$ cat work_15.tsv   # TSV, C-alpha atoms
chain	number	residue	atom	x	y	z
A	788	MET	CA	34.90	-70.99	-34.26
A	789	THR	CA	37.78	-70.79	-31.82
A	790	SER	CA	41.03	-72.71	-31.87
A	791	ILE	CA	44.15	-73.09	-29.80
A	792	GLY	CA	46.02	-69.82	-29.86
A	793	GLY	CA	43.13	-67.50	-30.62
A	794	VAL	CA	40.09	-66.88	-32.73
A	795	GLU	CA	39.90	-68.23	-36.26
A	796	MET	CA	40.03	-65.66	-39.06
A	797	VAL	CA	37.37	-67.66	-40.90
A	798	ASP	CA	34.30	-69.10	-39.18
A	799	TRP	CA	34.43	-72.41	-41.05
A	800	LYS	CA	31.27	-73.78	-39.51
A	801	LEU	CA	29.38	-70.67	-40.56
A	802	ALA	CA	30.82	-71.02	-44.07
A	803	VAL	CA	29.38	-74.55	-44.34
A	804	THR	CA	26.02	-73.47	-42.92
A	805	THR	CA	25.77	-70.43	-45.21
A	806	ALA	CA	26.74	-72.34	-48.34
A	807	SER	CA	24.36	-75.21	-47.58
A	808	ARG	CA	21.46	-72.84	-46.99
A	809	LEU	CA	22.12	-70.83	-50.16
A	810	ALA	CA	22.89	-73.79	-52.41
A	811	ARG	CA	20.25	-74.30	-55.05
A	812	PRO	CA	18.16	-77.47	-54.79
A	813	GLY	CA	19.11	-80.31	-57.09
A	814	PRO	CA	16.91	-81.77	-59.82
A	815	GLU	CA	13.77	-83.64	-58.86
A	816	ILE	CA	14.52	-87.33	-58.64
A	817	SER	CA	12.98	-90.28	-56.82
A	818	ARG	CA	14.85	-92.12	-54.10
A	819	GLU	CA	15.09	-95.21	-56.29
A	820	GLU	CA	16.46	-93.18	-59.20
A	821	ALA	CA	18.99	-91.54	-56.88
A	822	ARG	CA	20.23	-94.95	-55.72
A	823	GLU	CA	20.60	-96.06	-59.32
A	824	VAL	CA	22.58	-92.92	-60.23
A	825	VAL	CA	24.93	-93.40	-57.30
A	826	ALA	CA	25.50	-97.07	-58.12
A	827	GLU	CA	26.11	-96.33	-61.79
A	828	LEU	CA	28.58	-93.54	-61.05
A	829	ARG	CA	30.55	-95.84	-58.76
A	830	GLY	CA	30.60	-98.51	-61.44
A	831	HIS	CA	31.64	-96.06	-64.14
A	832	ALA	CA	34.43	-94.70	-61.94
A	833	GLU	CA	35.82	-98.20	-61.50
A	834	ALA	CA	35.57	-98.95	-65.22
A	835	ALA	CA	37.10	-95.60	-66.14
A	836	GLU	CA	40.14	-96.37	-64.01
A	837	GLU	CA	41.08	-99.33	-66.20
A	838	HIS	CA	40.48	-97.41	-69.43
A	839	VAL	CA	42.60	-94.46	-68.30
A	840	ARG	CA	45.45	-96.68	-67.18
A	841	ALA	CA	45.46	-98.59	-70.47
A	842	PHE	CA	45.42	-95.39	-72.56
A	843	THR	CA	48.01	-93.44	-70.57
A	844	GLY	CA	50.31	-96.22	-69.39
A	845	MET	CA	50.10	-94.79	-65.86
A	846	THR	CA	49.48	-97.04	-62.85
A	847	THR	CA	48.78	-96.26	-59.21
A	848	ALA	CA	51.88	-96.39	-57.05
A	849	ALA	CA	51.82	-98.85	-54.19
A	850	GLY	CA	50.12	-97.41	-51.11
A	851	HIS	CA	48.79	-94.33	-52.90
A	852	ASP	CA	45.26	-95.38	-53.88
A	853	THR	CA	42.46	-92.95	-53.00
A	854	PRO	CA	38.68	-93.38	-52.53
A	855	VAL	CA	35.90	-92.39	-54.92
A	856	LEU	CA	32.91	-90.71	-53.23
A	857	VAL	CA	29.53	-89.85	-54.76
A	858	VAL	CA	28.21	-86.79	-52.93
A	859	ASP	CA	25.42	-84.24	-53.02
A	860	ARG	CA	25.91	-80.46	-52.98
A	861	PRO	CA	26.15	-80.11	-49.17
A	862	GLY	CA	28.65	-82.98	-49.15
A	863	TRP	CA	30.79	-81.20	-51.75
A	864	ILE	CA	30.64	-78.00	-49.69
A	865	GLU	CA	31.68	-79.76	-46.50
A	866	ALA	CA	34.58	-81.50	-48.23
A	867	ASN	CA	35.90	-78.29	-49.76
A	868	VAL	CA	35.66	-76.30	-46.54
A	869	ALA	CA	37.66	-79.04	-44.81
A	870	GLY	CA	40.26	-78.84	-47.57
A	871	PHE	CA	40.47	-75.05	-47.41
A	872	ARG	CA	40.80	-75.15	-43.64
A	873	SER	CA	43.68	-77.59	-43.80
A	874	LEU	CA	45.50	-75.85	-46.65
A	875	LEU	CA	45.11	-72.34	-45.22
A	876	LYS	CA	46.05	-73.22	-41.66
A	877	PRO	CA	49.61	-71.77	-41.88
A	878	LEU	CA	48.25	-68.49	-43.27
A	879	MET	CA	45.60	-68.28	-40.56
A	880	THR	CA	48.26	-68.85	-37.91
A	881	LYS	CA	50.39	-66.08	-39.40
A	882	MET	CA	47.47	-63.66	-39.50
A	883	ARG	CA	46.46	-64.42	-35.90
A	884	ALA	CA	50.01	-63.72	-34.78
A	885	ARG	CA	50.02	-60.34	-36.53
A	886	ARG	CA	46.66	-59.40	-35.09
A	887	GLY	CA	47.70	-60.29	-31.55
A	888	ASN	CA	45.82	-61.97	-28.72
A	889	GLY	CA	44.64	-58.86	-26.89
A	890	PRO	CA	40.95	-58.13	-26.35
A	891	GLY	CA	40.81	-55.85	-29.40
A	892	GLY	CA	42.39	-58.44	-31.65
A	893	THR	CA	40.13	-61.18	-30.35
A	894	ILE	CA	36.97	-59.14	-30.90
A	895	ALA	CA	38.06	-58.05	-34.37
A	896	GLY	CA	38.99	-61.61	-35.23
A	897	ALA	CA	35.62	-62.91	-34.10
A	898	VAL	CA	33.73	-60.35	-36.16
A	899	GLY	CA	36.01	-60.74	-39.17
A	900	GLY	CA	35.78	-64.52	-38.94
A	901	LYS	CA	32.01	-64.42	-39.17
A	902	VAL	CA	32.05	-61.98	-42.07
A	903	THR	CA	34.59	-64.05	-43.99
A	904	GLY	CA	32.73	-67.25	-43.14
A	905	VAL	CA	29.57	-65.85	-44.71
A	906	GLU	CA	31.47	-64.63	-47.76
A	907	LEU	CA	33.18	-67.97	-48.28
A	908	GLY	CA	29.79	-69.60	-47.93
A	909	VAL	CA	28.39	-67.38	-50.68
A	910	LEU	CA	31.20	-68.38	-53.04
A	911	LEU	CA	30.84	-72.08	-52.30
A	912	SER	CA	27.07	-71.97	-52.76
A	913	PHE	CA	27.66	-70.55	-56.25
A	914	LEU	CA	30.18	-73.24	-57.15
A	915	SER	CA	28.30	-76.15	-55.54
A	916	SER	CA	25.78	-76.37	-58.36
A	917	ARG	CA	28.42	-76.13	-61.09
A	918	VAL	CA	31.06	-78.72	-60.29
A	919	LEU	CA	30.35	-82.16	-61.73
A	920	GLY	CA	33.39	-83.82	-60.25
A	921	GLN	CA	36.59	-82.92	-58.46
A	922	TYR	CA	39.76	-84.65	-57.42
A	923	GLU	CA	40.28	-83.13	-53.99
A	924	THR	CA	44.04	-83.19	-53.58
A	925	PHE	CA	44.29	-81.82	-50.04
A	926	ALA	CA	41.53	-83.67	-48.25
A	927	PRO	CA	41.67	-84.41	-44.52
A	928	ALA	CA	39.70	-87.56	-43.84
A	929	THR	CA	36.53	-87.41	-41.75
A	930	ARG	CA	34.05	-90.05	-40.65
A	931	GLU	CA	31.56	-88.90	-43.31
A	932	LEU	CA	34.18	-88.22	-46.02
A	933	PRO	CA	37.05	-90.72	-45.96
A	934	GLY	CA	40.31	-89.83	-47.63
A	935	ALA	CA	43.62	-91.46	-48.44
A	936	PRO	CA	45.58	-93.02	-45.56
A	937	ASP	CA	48.21	-90.26	-45.73
A	938	GLY	CA	45.55	-87.57	-45.18
A	939	GLY	CA	45.04	-86.38	-48.74
A	940	GLY	CA	43.27	-87.32	-51.89
A	941	ARG	CA	39.77	-88.41	-52.86
A	942	LEU	CA	37.61	-88.19	-55.95
A	943	LEU	CA	34.23	-86.49	-55.56
A	944	LEU	CA	31.42	-87.03	-58.06
A	945	VAL	CA	28.54	-84.58	-57.48
A	946	ALA	CA	25.50	-86.65	-58.47
A	947	PRO	CA	22.77	-83.95	-58.60
A	948	ASN	CA	24.90	-81.72	-60.83
A	949	ILE	CA	25.66	-84.57	-63.24
A	950	VAL	CA	21.94	-85.42	-63.48
A	951	HIS	CA	21.06	-81.75	-63.97
A	952	VAL	CA	23.49	-81.26	-66.85
A	953	GLU	CA	22.67	-84.52	-68.64
A	954	ARG	CA	18.99	-83.56	-68.57
A	955	GLU	CA	19.66	-80.04	-69.75
A	956	LEU	CA	21.83	-81.24	-72.62
A	957	GLY	CA	19.36	-83.96	-73.57
A	958	VAL	CA	22.09	-86.60	-73.93
A	959	ASP	CA	22.18	-90.27	-73.05
A	960	PRO	CA	22.59	-90.26	-69.25
A	961	HIS	CA	24.62	-93.49	-69.10
A	962	ASP	CA	27.09	-92.24	-71.72
A	963	PHE	CA	27.36	-88.82	-70.09
A	964	ARG	CA	28.07	-90.26	-66.65
A	965	LEU	CA	30.85	-92.44	-68.03
A	966	TRP	CA	32.25	-89.49	-70.02
A	967	VAL	CA	32.45	-87.37	-66.85
A	968	CYS	CA	34.07	-90.22	-64.94
A	969	LEU	CA	36.78	-90.57	-67.59
A	970	HIS	CA	37.87	-86.97	-67.00
A	971	GLU	CA	37.76	-87.24	-63.24
A	972	GLU	CA	39.50	-90.61	-63.13
A	973	THR	CA	42.34	-89.12	-65.16
A	974	HIS	CA	42.91	-86.58	-62.39
A	975	ARG	CA	42.82	-89.35	-59.80
A	976	THR	CA	45.36	-91.35	-61.84
A	977	GLN	CA	47.64	-88.33	-62.17
A	978	PHE	CA	48.01	-88.02	-58.41
A	979	THR	CA	48.01	-91.71	-57.49
A	980	ALA	CA	50.54	-92.63	-60.18
A	981	VAL	CA	52.78	-89.61	-59.47
A	982	PRO	CA	53.04	-89.45	-55.65
A	983	TRP	CA	55.41	-86.47	-55.60
A	984	LEU	CA	52.90	-84.31	-57.49
A	985	ARG	CA	50.69	-83.63	-54.46
A	986	ASP	CA	53.66	-82.64	-52.29
A	987	HIS	CA	55.01	-80.40	-55.05
A	988	LEU	CA	51.73	-78.54	-55.45
A	989	GLU	CA	51.29	-78.20	-51.70
A	990	ALA	CA	54.80	-76.75	-51.38
A	991	GLU	CA	54.05	-74.22	-54.11
A	992	ILE	CA	50.77	-73.21	-52.51
A	993	GLN	CA	52.37	-72.86	-49.08
A	994	ALA	CA	55.13	-70.75	-50.62
A	995	PHE	CA	52.43	-68.57	-52.17
A	996	LEU	CA	50.69	-68.19	-48.81
A	997	ALA	CA	53.98	-67.53	-47.00
A	998	GLU	CA	54.52	-64.52	-49.27
A	999	THR	CA	51.24	-62.99	-48.15
A	1000	ASP	CA	52.20	-59.78	-46.40
A	1001	VAL	CA	48.77	-58.36	-45.70
A	1002	ASP	CA	47.43	-57.89	-42.20
A	1003	ALA	CA	44.19	-59.67	-41.44
A	1004	GLY	CA	42.10	-56.51	-41.40
A	1005	THR	CA	43.24	-55.38	-44.84
A	1006	LEU	CA	42.81	-58.85	-46.32
A	1007	LEU	CA	39.31	-59.18	-44.91
A	1008	GLU	CA	38.45	-55.73	-46.23
A	1009	ARG	CA	39.67	-56.60	-49.73
A	1010	LEU	CA	37.78	-59.88	-49.77
A	1011	SER	CA	34.67	-58.11	-48.50
A	1012	ASP	CA	34.94	-55.47	-51.25
A	1013	ALA	CA	35.34	-58.20	-53.85
A	1014	VAL	CA	32.33	-60.18	-52.66
A	1015	GLN	CA	30.18	-57.06	-52.40
A	1016	ALA	CA	31.21	-56.10	-55.93
A	1017	PHE	CA	29.55	-59.11	-57.46
A	1018	THR	CA	26.76	-59.81	-54.97
A	1019	GLY	CA	25.50	-56.28	-55.63
A	1020	GLY	CA	26.39	-56.21	-59.31
A	1021	ARG	CA	27.66	-52.97	-60.79
A	1022	ARG	CA	27.00	-49.74	-58.99
A	1023	GLY	CA	23.40	-48.79	-59.32
A	1024	GLU	CA	22.35	-52.30	-60.44
A	1025	THR	CA	20.37	-54.87	-58.54
A	1026	ALA	CA	20.85	-58.59	-59.03
A	1027	GLU	CA	17.91	-60.90	-58.56
A	1028	PRO	CA	18.53	-63.24	-55.64
A	1029	GLY	CA	19.50	-66.69	-56.80
A	1030	ALA	CA	20.01	-65.61	-60.41
A	1031	THR	CA	23.25	-67.46	-60.89
A	1032	GLY	CA	22.63	-69.46	-64.03
A	1033	THR	CA	23.23	-73.18	-64.38
A	1034	ALA	CA	26.03	-75.68	-64.15
A	1035	THR	CA	28.60	-75.39	-66.90
A	1036	GLY	CA	31.42	-77.85	-66.67
A	1037	THR	CA	33.16	-81.02	-65.69
A	1038	ALA	CA	35.80	-81.60	-63.05
A	1039	THR	CA	36.94	-78.24	-61.79
A	1040	ASP	CA	35.59	-76.71	-64.98
A	1041	THR	CA	32.98	-74.02	-64.40
A	1042	ALA	CA	32.90	-72.45	-67.81
A	1043	THR	CA	32.98	-68.74	-68.47
A	1044	GLU	CA	30.84	-66.88	-70.99
A	1045	SER	CA	32.10	-65.01	-73.99
A	1046	GLY	CA	31.95	-61.27	-73.60
A	1047	ALA	CA	31.82	-61.33	-69.80
A	1048	HIS	CA	32.49	-58.01	-68.08
A	1049	ALA	CA	34.30	-57.53	-64.80
A	1050	PRO	CA	32.71	-55.50	-62.01
A	1051	GLU	CA	33.94	-51.94	-61.65
A	1052	ARG	CA	34.07	-51.75	-57.91
A	1053	ASN	CA	37.63	-52.11	-56.56
A	1054	THR	CA	38.47	-55.09	-58.75
A	1055	ASP	CA	39.44	-53.65	-62.18
A	1056	GLY	CA	38.70	-57.00	-63.83
A	1057	ARG	CA	40.94	-58.95	-61.47
A	1058	SER	CA	40.07	-62.22	-59.78
A	1059	LEU	CA	40.02	-62.72	-56.01
A	1060	VAL	CA	43.54	-64.16	-56.13
A	1061	ASP	CA	44.78	-61.13	-58.06
A	1062	LEU	CA	43.63	-58.81	-55.29
A	1063	VAL	CA	46.30	-59.93	-52.82
A	1064	GLN	CA	49.22	-60.89	-55.04
A	1065	THR	CA	52.81	-59.74	-54.61
A	1066	PRO	CA	55.46	-60.02	-57.37
A	1067	ALA	CA	56.80	-63.19	-55.77
A	1068	GLN	CA	53.31	-64.64	-55.64
A	1069	ARG	CA	52.77	-63.93	-59.32
A	1070	GLU	CA	55.86	-65.99	-60.14
A	1071	ILE	CA	54.62	-68.88	-58.02
A	1072	LEU	CA	51.15	-68.62	-59.49
A	1073	ALA	CA	52.59	-68.78	-63.02
A	1074	ARG	CA	54.24	-72.10	-62.15
A	1075	VAL	CA	51.10	-73.46	-60.52
A	1076	THR	CA	48.98	-72.34	-63.48
A	1077	ALA	CA	51.29	-74.20	-65.85
A	1078	VAL	CA	50.89	-77.38	-63.81
A	1079	MET	CA	47.12	-76.99	-63.64
A	1080	SER	CA	47.01	-76.40	-67.41
A	1081	LEU	CA	48.92	-79.64	-67.86
A	1082	LEU	CA	46.59	-81.59	-65.57
A	1083	GLU	CA	43.39	-80.21	-67.07
A	1084	GLY	CA	44.59	-80.52	-70.65
A	1085	HIS	CA	45.79	-84.06	-70.04
A	1086	ALA	CA	42.38	-85.01	-68.63
A	1087	ASP	CA	40.59	-83.55	-71.66
A	1088	TYR	CA	43.01	-85.30	-74.03
A	1089	VAL	CA	42.49	-88.66	-72.31
A	1090	MET	CA	38.72	-88.17	-72.22
A	1091	ASP	CA	38.66	-87.52	-75.96
A	1092	GLY	CA	41.08	-90.35	-76.66
A	1093	VAL	CA	39.23	-93.01	-74.69
A	1094	GLY	CA	35.71	-91.72	-75.24
A	1095	PRO	CA	35.09	-92.91	-78.82
A	1096	GLN	CA	35.96	-96.49	-77.82
A	1097	ILE	CA	33.48	-96.81	-74.96
A	1098	VAL	CA	31.00	-93.90	-75.14
A	1099	PRO	CA	28.79	-94.36	-78.23
A	1100	SER	CA	27.38	-90.82	-78.20
A	1101	VAL	CA	30.63	-89.06	-77.30
A	1102	VAL	CA	30.57	-86.77	-80.36
A	1103	GLU	CA	27.09	-85.50	-79.51
A	1104	ILE	CA	28.01	-85.05	-75.83
A	1105	ARG	CA	31.20	-83.17	-76.64
A	1106	GLU	CA	29.50	-80.83	-79.11
A	1107	LYS	CA	26.61	-80.00	-76.80
A	1108	PHE	CA	28.89	-79.60	-73.83
A	1109	GLN	CA	31.21	-77.22	-75.68
A	1110	ARG	CA	28.26	-75.14	-76.82
A	1111	ARG	CA	27.05	-74.99	-73.26
A	1112	ARG	CA	30.45	-73.74	-72.08
A	1113	ALA	CA	30.36	-70.92	-74.59
A	1114	ALA	CA	26.65	-70.11	-74.47
A	1115	GLY	CA	26.87	-67.54	-71.69
A	1116	ALA	CA	24.51	-66.87	-68.83
A	1117	ASN	CA	23.02	-63.93	-67.00
A	1118	ARG	CA	25.00	-60.89	-65.94
A	1119	LEU	CA	25.61	-61.99	-62.35
A	1120	ASP	CA	27.00	-65.29	-63.60
A	1121	GLN	CA	29.39	-63.40	-65.86
A	1122	ILE	CA	30.59	-61.17	-63.04
A	1123	LEU	CA	31.08	-64.08	-60.66
A	1124	ARG	CA	33.06	-66.13	-63.11
A	1125	ARG	CA	35.34	-63.28	-64.11
A	1126	LEU	CA	35.96	-62.37	-60.47
A	1127	LEU	CA	36.69	-65.97	-59.49
A	1128	GLY	CA	39.09	-66.34	-62.42
A	1129	LEU	CA	37.01	-69.07	-64.07
A	1130	ASP	CA	37.63	-67.65	-67.55
A	1131	ALA	CA	41.29	-68.47	-66.93
A	1132	LYS	CA	40.19	-72.02	-66.10
A	1133	LEU	CA	38.83	-72.45	-69.63
A	1134	ARG	CA	42.11	-71.26	-71.09
A	1135	GLN	CA	43.84	-73.92	-69.00
A	1136	TYR	CA	41.78	-76.60	-70.71
A	1137	ARG	CA	42.49	-75.30	-74.19
A	1138	ASP	CA	46.19	-74.53	-73.75
A	1139	GLY	CA	46.89	-77.67	-71.78
A	1140	GLU	CA	45.10	-79.95	-74.23
A	1141	ARG	CA	47.00	-78.43	-77.15
A	1142	PHE	CA	50.28	-78.97	-75.28
A	1143	VAL	CA	49.53	-82.63	-74.56
A	1144	ARG	CA	48.34	-83.31	-78.10
A	1145	ALA	CA	51.40	-81.68	-79.68
A	1146	VAL	CA	53.84	-83.55	-77.43
A	1147	VAL	CA	52.17	-86.94	-77.92
A	1148	GLU	CA	52.13	-86.43	-81.71
A	1149	GLU	CA	55.86	-85.65	-81.63
A	1150	VAL	CA	57.26	-88.15	-79.10
A	1151	GLY	CA	54.39	-90.54	-78.35
A	1152	MET	CA	52.61	-91.27	-75.08
A	1153	GLU	CA	55.70	-92.80	-73.49
A	1154	GLY	CA	57.68	-89.72	-74.43
A	1155	PHE	CA	54.98	-87.47	-73.05
A	1156	ASN	CA	54.97	-89.39	-69.76
A	1157	ARG	CA	58.46	-88.08	-69.06
A	1158	VAL	CA	56.57	-85.01	-67.87
A	1159	TRP	CA	55.83	-86.97	-64.67
A	1160	THR	CA	59.50	-87.72	-63.89
A	1161	SER	CA	60.10	-84.87	-61.43
A	1162	PRO	CA	59.17	-81.22	-60.81
A	1163	ASN	CA	62.00	-80.31	-63.19
A	1164	THR	CA	60.26	-82.00	-66.11
A	1165	LEU	CA	56.95	-80.19	-65.62
A	1166	PRO	CA	56.30	-77.61	-68.34
A	1167	THR	CA	56.79	-73.93	-67.64
A	1168	ALA	CA	54.12	-71.37	-68.47
A	1169	ALA	CA	56.00	-70.53	-71.68
A	1170	GLU	CA	56.33	-74.19	-72.65
A	1171	ILE	CA	52.60	-74.81	-72.25
A	1172	THR	CA	52.01	-72.50	-75.21
A	1173	HIS	CA	55.19	-73.61	-77.02
A	1174	PRO	CA	55.35	-77.41	-76.66
A	1175	GLY	CA	58.43	-77.63	-78.87
A	1176	GLU	CA	60.44	-75.83	-76.19
A	1177	TRP	CA	59.50	-78.50	-73.63
A	1178	ILE	CA	60.42	-81.28	-76.08
A	1179	ALA	CA	63.76	-79.62	-76.78
A	1180	ARG	CA	64.53	-79.22	-73.08
A	1181	VAL	CA	63.38	-82.62	-71.83
A	1182	HIS	CA	64.08	-84.86	-74.83
A	1183	ARG	CA	66.97	-83.13	-76.55
A	1184	GLY	CA	68.66	-81.22	-73.75
A	1185	PRO	CA	72.07	-82.14	-72.30
A	1186	GLU	CA	70.50	-84.34	-69.61
A	1187	ALA	CA	68.00	-86.06	-71.92
$ encode --input "work_15.tsv" --output "structure tokens"
Amino acid sequence: MTSIGGVEMVDWKLAVTTASRLARPGPEISREEAREVVAELRGHAEAAEEHVRAFTGMTTAAGHDTPVLVVDRPGWIEANVAGFRSLLKPLMTKMRARRGNGPGGTIAGAVGGKVTGVELGVLLSFLSSRVLGQYETFAPATRELPGAPDGGGRLLLVAPNIVHVERELGVDPHDFRLWVCLHEETHRTQFTAVPWLRDHLEAEIQAFLAETDVDAGTLLERLSDAVQAFTGGRRGETAEPGATGTATGTATDTATESGAHAPERNTDGRSLVDLVQTPAQREILARVTAVMSLLEGHADYVMDGVGPQIVPSVVEIREKFQRRRAAGANRLDQILRRLLGLDAKLRQYRDGERFVRAVVEEVGMEGFNRVWTSPNTLPTAAEITHPGEWIARVHRGPEA
């Protein structure tokens, strides 16, 4: 829990322990079946790589390949905590400096670190049963979870969640596993074929964190209020422990429900990120959201483009999966997803996919791939919803 220069503002070890203890158990499966699932997912990931490259025309840059790992829910939790810890290190250093190293600051930091560790653990336990796969862009390598040689990048496939969803949907498990891998492999290809993309996103995130002008105590208090708002439901309501619905998405997709209501307590319908934003941060977040919309929409477009060629039951899978996204869940699920901003995630899929489809129809796949030229050719938030503006700027502008 401690580190050089003072006490951590987040007890990362406690976050892992809390999330692992609260994570729901996976589906019942024999050891032999589990081995078969793992082997098949690895095989599908390898096959998907070739299909994605052929469809997109994107190839991994020399020296930028990243591993594919099949993990369980605790493994996903551990990997994400490691990523958070690495990415948030500059902010934690800044907050420790503001708090000071005196006895009072150390004690407050220790208490606050434990509280925040538990709260982060609660959030991760919720998400750990919902994520089917994830390209972890900022992933420090460990003995248990290897990463890219440069310290970032690995694809995680969460086997128990994939099995759970394929059973719930009643679809062909072999087709569904390949379908999921197509989406995830597209994300892996995006970052391995476009090496500057990771550095660009990290720079934007660090700029966002650098703008944080909230002392540690206030930030911890706001996060605590937010977590209490949904763990306790609305004022006067009681949520049944563990009543958090079921998995609802692929990649970083954890679908929202229609008609979801935000909690009243101190959040006013805002997500956790909204609670601590400054005007400068909102500008940065708009740029990051545009990039994420591009990445998610591109993955959906590729998945739909490749799927019919190699996944016989893709139409059935897509229809059932979309219905599942929109079906809704219990009230606590609705509150959690609104607070975490996961309804915005669904909009990213829809807006981004429409952008990619419109651009490819107008200028072809090769013309679309100019989006990967540099940060300057990435679409803005306005261009995501108006693809013609991106085409005019990149293909018909003075420097085109």
$ atom_distance --input "work_15.tsv" --atom1 "CA of Leu856 in chain A" --atom2 "CA of Ala806 in chain A"
20.0 Å
$ residues_around --input "work_15.tsv" --residues "range 826-830 of chain A" --least-positions-apart "6" --cutoff "12 Å" --atoms "all atoms listed in the file" --output "compact mmCIF listing (two decimals) with C-alpha atoms, keeping the file's coordinate frame"
# COMPACT_ATOMS: atom_id res chain seq x y z
CA GLU A 819 15.09 -95.21 -56.29
CA GLU A 820 16.46 -93.18 -59.20
CA GLU A 836 40.14 -96.37 -64.01
CA GLU A 837 41.08 -99.33 -66.20
CA PRO A 854 38.68 -93.38 -52.53
CA VAL A 855 35.90 -92.39 -54.92
CA LEU A 856 32.91 -90.71 -53.23
CA VAL A 857 29.53 -89.85 -54.76
CA VAL A 858 28.21 -86.79 -52.93
CA LEU A 919 30.35 -82.16 -61.73
CA GLY A 920 33.39 -83.82 -60.25
CA LEU A 942 37.61 -88.19 -55.95
CA LEU A 943 34.23 -86.49 -55.56
CA LEU A 944 31.42 -87.03 -58.06
CA VAL A 945 28.54 -84.58 -57.48
CA ALA A 946 25.50 -86.65 -58.47
CA PRO A 947 22.77 -83.95 -58.60
CA ILE A 949 25.66 -84.57 -63.24
CA VAL A 950 21.94 -85.42 -63.48
CA PRO A 960 22.59 -90.26 -69.25
CA HIS A 961 24.62 -93.49 -69.10
CA ASP A 962 27.09 -92.24 -71.72
CA PHE A 963 27.36 -88.82 -70.09
CA ARG A 964 28.07 -90.26 -66.65
CA LEU A 965 30.85 -92.44 -68.03
CA TRP A 966 32.25 -89.49 -70.02
CA VAL A 967 32.45 -87.37 -66.85
CA CYS A 968 34.07 -90.22 -64.94
CA LEU A 969 36.78 -90.57 -67.59
CA GLU A 971 37.76 -87.24 -63.24
CA GLU A 972 39.50 -90.61 -63.13
$ closest_residue --input "work_15.tsv" --among "A:Pro927, A:Asn948, A:Ala980, A:Arg917" --to "Val824 in chain A" --atoms "only C-alpha atoms"
A:Asn948
$ closest_residue --input "work_15.tsv" --among "A:Glu923, A:Asp959, A:Leu996, A:Arg1105" --to "Leu1072 in chain A" --atoms "all atoms listed in the file"
A:Leu996
$ residues_around --input "work_15.tsv" --residues "Pro877 in chain A" --least-positions-apart "3" --cutoff "9 Å" --atoms "all atoms listed in the file" --output "VMD selection string"
chain A and resid 873 to 874 880 to 882 993 996 to 997
$ atom_distance --input "work_15.tsv" --atom1 "CA of Gly904 in chain A" --atom2 "CA of Thr999 in chain A"
19.6 Å
$ closest_residue --input "work_15.tsv" --among "A:Ala1168, A:Gln1109, A:Val1102, A:Arg808" --to "Arg1074 in chain A" --atoms "only C-alpha atoms"
A:Ala1168
$ atom_distance --input "work_15.tsv" --atom1 "CA of Pro861 in chain A" --atom2 "CA of His831 in chain A"
22.6 Å
$ closest_residue --input "work_15.tsv" --among "A:Phe995, A:Leu878, A:Trp863, A:Ile1104" --to "Glu953 in chain A" --atoms "all atoms listed in the file"
A:Ile1104
$ residues_around --input "work_15.tsv" --residues "Arg975 in chain A" --least-positions-apart "6" --cutoff "8 Å" --atoms "all atoms listed in the file" --output "PyMOL selection string"
chain A and resi 853+922+941-942
$ residues_around --input "work_15.tsv" --residues "Pro814 in chain A" --least-positions-apart "2" --cutoff "7 Å" --atoms "all atoms listed in the file" --output "ChimeraX atom specification"
/A:812,816,947,951
$ closest_residue --input "work_15.tsv" --among "A:Phe913, A:Phe1155, A:Phe842, A:Phe871" --to "Phe925 in chain A" --atoms "all atoms listed in the file"
A:Phe871
$ closest_residue --input "work_15.tsv" --among "A:Leu988, A:Met845, A:Leu932, A:Met1152" --to "Ala869 in chain A" --atoms "only C-alpha atoms"
A:Leu932
$ residues_around --input "work_15.tsv" --residues "Thr843 in chain A" --least-positions-apart "6" --cutoff "9 Å" --atoms "all atoms listed in the file" --output "number ranges by chain"
A: 973, 1089, 1152-1153, 1156
